[in-house]
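Peer 1: Handing you a structure now.
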Amino acid sequence: MDHLFRKCPVSELVWSELSFHQFLHDNQRDFSQWLTWVFSTSSTSQCRIFCYALWAIWGDRNARVHKKGGKSGKEMAGYVQSYITELNEVDKRRPKVTIAVKKWRKPPDRIVKINFDGAYDDRQKRSAVGIVAKDREGTVLLSCAKNHHRISSAFEAEAPCTYPSKGNAEEKDKSLPGRGFLKRRKNKRQEK
């Protein structure tokens with residue numbers, strides 16, 4: 001790896017053409033230390049160019065190994081520069097999307113608002129859910145969190161989100177077998 005990306009004459013030309021020749025003078029670090037050093041001392045745009053150059057050098061290496069020809073260092077540097085230019089143009093044309101963060105809104109008087117959400121991990125076939133019930137002042141009346149295992153799909157993961165919310169809000173510390181734990185919070189009047 002060290003030879004391919006730092007000492008090969010073709011790679012050296014790529015780095016020189018991309019104005020990264022200063023990174024070749026560091027022979028004290030092994031390859032992984034060198035990569036870390038380059039990323040820690042470079043700007044975001046330099047890191048982007050650097051990554052595409054690594055990708056181009058590796059792709060050219062594969063082409064040579066599989067006897068599909070190869071490019072000169074100057075050609076690879078030109079390819080990287082045109083690729084970066086193309087990506088920058090795409091970024092300029094992409095509509096800027098602003099994500100509106102919705103804040104919790106108070107429910108009307110004498111109404112309890114129940115919010116719940118879940119997450120699903122397809123690789124490990126498990127999900128997690130959380131539920132919070134709040135009154136008009138934002139006081140937490142009930143809360144619940146639960147992990148579920150052997151969940152086969154995201155659709156199936158959504159169903160358990162609603163199970164604990166069916167509990168009676170008047171019950172204190174009610175455990176729902178296999179469905180989580182509802183915890184009732186004392187309100188200000190009960191604390192007195």
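Letters A, B, ... go to the chains of the structure tokens in the order shown; residues in each chain start at 1; ligands are counted from 1 in the same order.
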Excluding Glu17 (chain A) and any residue of its chain fewer than 5 positions from it, enumerate the residues within 10 Å of it, using only C-alpha atoms, and give them as a PDB file with C-alpha atoms, in the first residue's frame.

Peer 2:
ATOM      1  CA  SER A  11       1.327   8.112  -7.872  1.00  0.00           C
ATOM      2  CA  GLU A  12       3.992  10.704  -7.143  1.00  0.00           C
ATOM      3  CA  GLY A  73      -0.142  10.215 -13.411  1.00  0.00           C
ATOM      4  CA  LYS A  74      -1.115  13.336 -15.341  1.00  0.00           C
ATOM      5  CA  GLU A  75      -4.187  11.594 -16.823  1.00  0.00           C
ATOM      6  CA  MET A  76      -5.296  10.370 -13.398  1.00  0.00           C
ATOM      7  CA  ALA A  77      -4.867  13.836 -11.887  1.00  0.00           C
ATOM      8  CA  GLY A  78      -6.941  15.288 -14.739  1.00  0.00           C
ATOM      9  CA  GLN A  81      -9.978  17.240 -11.165  1.00  0.00           C
TER      10      GLN A  81
END

Peer 1: Pull the alpha helix (DSSP H) assignments for chain A out of DSSP run on the backbone, and list those residues as an MDAnalysis selection string.

Peer 2: chainID A and resid 2 9:17 31:41 44:65 73:93 154:158 188:191

Peer 1: To one decimal in Å, tell me the separation between CA of Cys47 (chain A) and CA of Leu24 (chain A).

Peer 2: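 These two atoms are separated by 15.1 Å.
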
Peer 1: Find the residues around Arg110 (chain A) up to 9 Å (only C-alpha atoms counted), leave out those fewer than 3 positions away in its own chain, and share them as a PDB file with C-alpha atoms, in the first residue's frame.

Peer 2:
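The result, stored in selection-v5.pdb:
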ATOM      1  CA  PRO A 107     -52.145  20.044  23.975  1.00  0.00           C
ATOM      2  CA  ASP A 135     -49.797  17.320  30.151  1.00  0.00           C
ATOM      3  CA  ARG A 136     -50.377  20.911  29.047  1.00  0.00           C
TER       4      ARG A 136
END

Peer 1: Give me, as a list in words, all polymer residues having an atom no more than 12 Å from region 86-95 of chain A, counting only C-alpha atoms and skipping those fewer than 6 positions away in the same chain.

Peer 2: Ser45, Arg48, Ile49, Tyr52, Tyr79 and Val80 of chain A

Peer 1: Output N, CA, C and O atoms for every residue in that selection, as a PDB file, in the first residue's frame.

Peer 2:
ATOM      1  N   SER A  45     -12.111  20.413   1.580  1.00  0.00           N
ATOM      2  CA  SER A  45     -12.014  20.286   0.115  1.00  0.00           C
ATOM      3  C   SER A  45     -10.737  19.546  -0.278  1.00  0.00           C
ATOM      4  O   SER A  45     -10.748  18.763  -1.238  1.00  0.00           O
ATOM      5  N   ARG A  48     -11.353  15.875   0.266  1.00  0.00           N
ATOM      6  CA  ARG A  48     -12.207  15.349  -0.798  1.00  0.00           C
ATOM      7  C   ARG A  48     -11.369  14.998  -2.027  1.00  0.00           C
ATOM      8  O   ARG A  48     -11.492  13.908  -2.578  1.00  0.00           O
ATOM      9  N   ILE A  49     -10.499  15.908  -2.436  1.00  0.00           N
ATOM     10  CA  ILE A  49      -9.616  15.651  -3.578  1.00  0.00           C
ATOM     11  C   ILE A  49      -8.688  14.475  -3.273  1.00  0.00           C
ATOM     12  O   ILE A  49      -8.490  13.589  -4.105  1.00  0.00           O
ATOM     13  N   TYR A  52     -10.510  11.128  -3.604  1.00  0.00           N
ATOM     14  CA  TYR A  52     -10.753  10.755  -5.003  1.00  0.00           C
ATOM     15  C   TYR A  52      -9.458  10.349  -5.686  1.00  0.00           C
ATOM     16  O   TYR A  52      -9.456   9.462  -6.541  1.00  0.00           O
ATOM     17  N   TYR A  79      -8.349  13.336 -14.398  1.00  0.00           N
ATOM     18  CA  TYR A  79      -9.605  12.628 -14.126  1.00  0.00           C
ATOM     19  C   TYR A  79     -10.164  13.047 -12.766  1.00  0.00           C
ATOM     20  O   TYR A  79     -11.362  13.345 -12.644  1.00  0.00           O
ATOM     21  N   VAL A  80      -9.305  13.113 -11.763  1.00  0.00           N
ATOM     22  CA  VAL A  80      -9.735  13.508 -10.419  1.00  0.00           C
ATOM     23  C   VAL A  80     -10.261  14.939 -10.448  1.00  0.00           C
ATOM     24  O   VAL A  80     -11.324  15.230  -9.894  1.00  0.00           O
TER      25      VAL A  80
END

Peer 1: Excluding Trp37 (chain A) and any residue of its chain fewer than 3 positions from it, enumerate the residues within 12 Å of it, using only C-alpha atoms, and give them as an mmCIF file with N, CA, C and O atoms, in the first residue's frame.

Peer 2:
data_model
loop_
_atom_site.group_PDB
_atom_site.id
_atom_site.type_symbol
_atom_site.label_atom_id
_atom_site.label_comp_id
_atom_site.auth_asym_id
_atom_site.auth_seq_id
_atom_site.Cartn_x
_atom_site.Cartn_y
_atom_site.Cartn_z
ATOM 1 N N PHE A 23 2.868 16.247 0.774
ATOM 2 C CA PHE A 23 2.557 15.086 1.593
ATOM 3 C C PHE A 23 3.491 13.907 1.333
ATOM 4 O O PHE A 23 3.519 12.962 2.104
ATOM 5 N N LEU A 24 4.240 13.962 0.254
ATOM 6 C CA LEU A 24 5.140 12.862 -0.069
ATOM 7 C C LEU A 24 6.457 12.937 0.690
ATOM 8 O O LEU A 24 7.199 11.970 0.748
ATOM 9 N N ASP A 26 6.968 13.193 3.815
ATOM 10 C CA ASP A 26 6.925 12.605 5.153
ATOM 11 C C ASP A 26 7.148 11.098 5.051
ATOM 12 O O ASP A 26 6.230 10.341 4.760
ATOM 13 N N ASN A 27 8.357 10.655 5.309
ATOM 14 C CA ASN A 27 8.681 9.229 5.247
ATOM 15 C C ASN A 27 8.795 8.614 6.636
ATOM 16 O O ASN A 27 9.137 7.440 6.767
ATOM 17 N N GLN A 28 8.519 9.384 7.669
ATOM 18 C CA GLN A 28 8.648 8.899 9.043
ATOM 19 C C GLN A 28 7.435 8.076 9.484
ATOM 20 O O GLN A 28 7.527 7.287 10.398
ATOM 21 N N ARG A 29 6.304 8.271 8.839
ATOM 22 C CA ARG A 29 5.062 7.613 9.253
ATOM 23 C C ARG A 29 4.774 6.400 8.376
ATOM 24 O O ARG A 29 5.047 6.411 7.183
ATOM 25 N N ASP A 30 4.155 5.371 8.997
ATOM 26 C CA ASP A 30 3.691 4.248 8.175
ATOM 27 C C ASP A 30 2.431 4.697 7.427
ATOM 28 O O ASP A 30 1.947 5.818 7.617
ATOM 29 N N PHE A 31 1.897 3.835 6.595
ATOM 30 C CA PHE A 31 0.801 4.233 5.709
ATOM 31 C C PHE A 31 -0.420 4.744 6.475
ATOM 32 O O PHE A 31 -0.961 5.806 6.156
ATOM 33 N N SER A 32 -0.888 4.003 7.489
ATOM 34 C CA SER A 32 -2.095 4.441 8.210
ATOM 35 C C SER A 32 -1.840 5.738 8.978
ATOM 36 O O SER A 32 -2.712 6.600 9.045
ATOM 37 N N GLN A 33 -0.649 5.897 9.545
ATOM 38 C CA GLN A 33 -0.309 7.151 10.218
ATOM 39 C C GLN A 33 -0.267 8.303 9.209
ATOM 40 O O GLN A 33 -0.688 9.416 9.510
ATOM 41 N N TRP A 34 0.257 8.015 8.039
ATOM 42 C CA TRP A 34 0.329 9.023 6.986
ATOM 43 C C TRP A 34 -1.069 9.488 6.586
ATOM 44 O O TRP A 34 -1.324 10.691 6.474
ATOM 45 N N SER A 40 -5.764 15.078 9.036
ATOM 46 C CA SER A 40 -5.771 16.028 10.153
ATOM 47 C C SER A 40 -5.167 17.381 9.786
ATOM 48 O O SER A 40 -5.444 18.379 10.446
ATOM 49 N N THR A 41 -4.376 17.430 8.730
ATOM 50 C CA THR A 41 -3.735 18.701 8.356
ATOM 51 C C THR A 41 -4.339 19.332 7.103
ATOM 52 O O THR A 41 -3.849 20.363 6.645
ATOM 53 N N SER A 42 -5.390 18.738 6.573
ATOM 54 C CA SER A 42 -5.989 19.233 5.322
ATOM 55 C C SER A 42 -7.379 19.806 5.559
ATOM 56 O O SER A 42 -8.072 19.416 6.493
ATOM 57 N N SER A 43 -7.773 20.681 4.649
ATOM 58 C CA SER A 43 -9.133 21.236 4.697
ATOM 59 C C SER A 43 -10.106 20.186 4.166
ATOM 60 O O SER A 43 -9.699 19.170 3.592
ATOM 61 N N CYS A 47 -9.301 17.195 1.545
ATOM 62 C CA CYS A 47 -9.569 15.793 1.882
ATOM 63 C C CYS A 47 -10.414 15.130 0.807
ATOM 64 O O CYS A 47 -10.197 13.967 0.468
#

Peer 1: Between A:Arg150, A:His25, A:Arg123, A:Lys134, single out the one closest to Asp109 (chain A), counting only C-alpha atoms.

Peer 2: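 Among the listed residues, A:Lys134 lies closest to Asp109 (chain A).
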
Peer 1: Write out as a PyMOL selection string which residues come within 7 Å of Ala157 (chain A) when counting only C-alpha atoms, dropping same-chain ones fewer than 6 positions away.

Peer 2: chain A and resi 120+127+151

Peer 1: Would you mind telling me which residue in A:Val97, A:Val65, A:Ala128, A:Ile57 lies nearest to Met1 (chain A) when using only C-alpha atoms?

Peer 2: A:Ile57
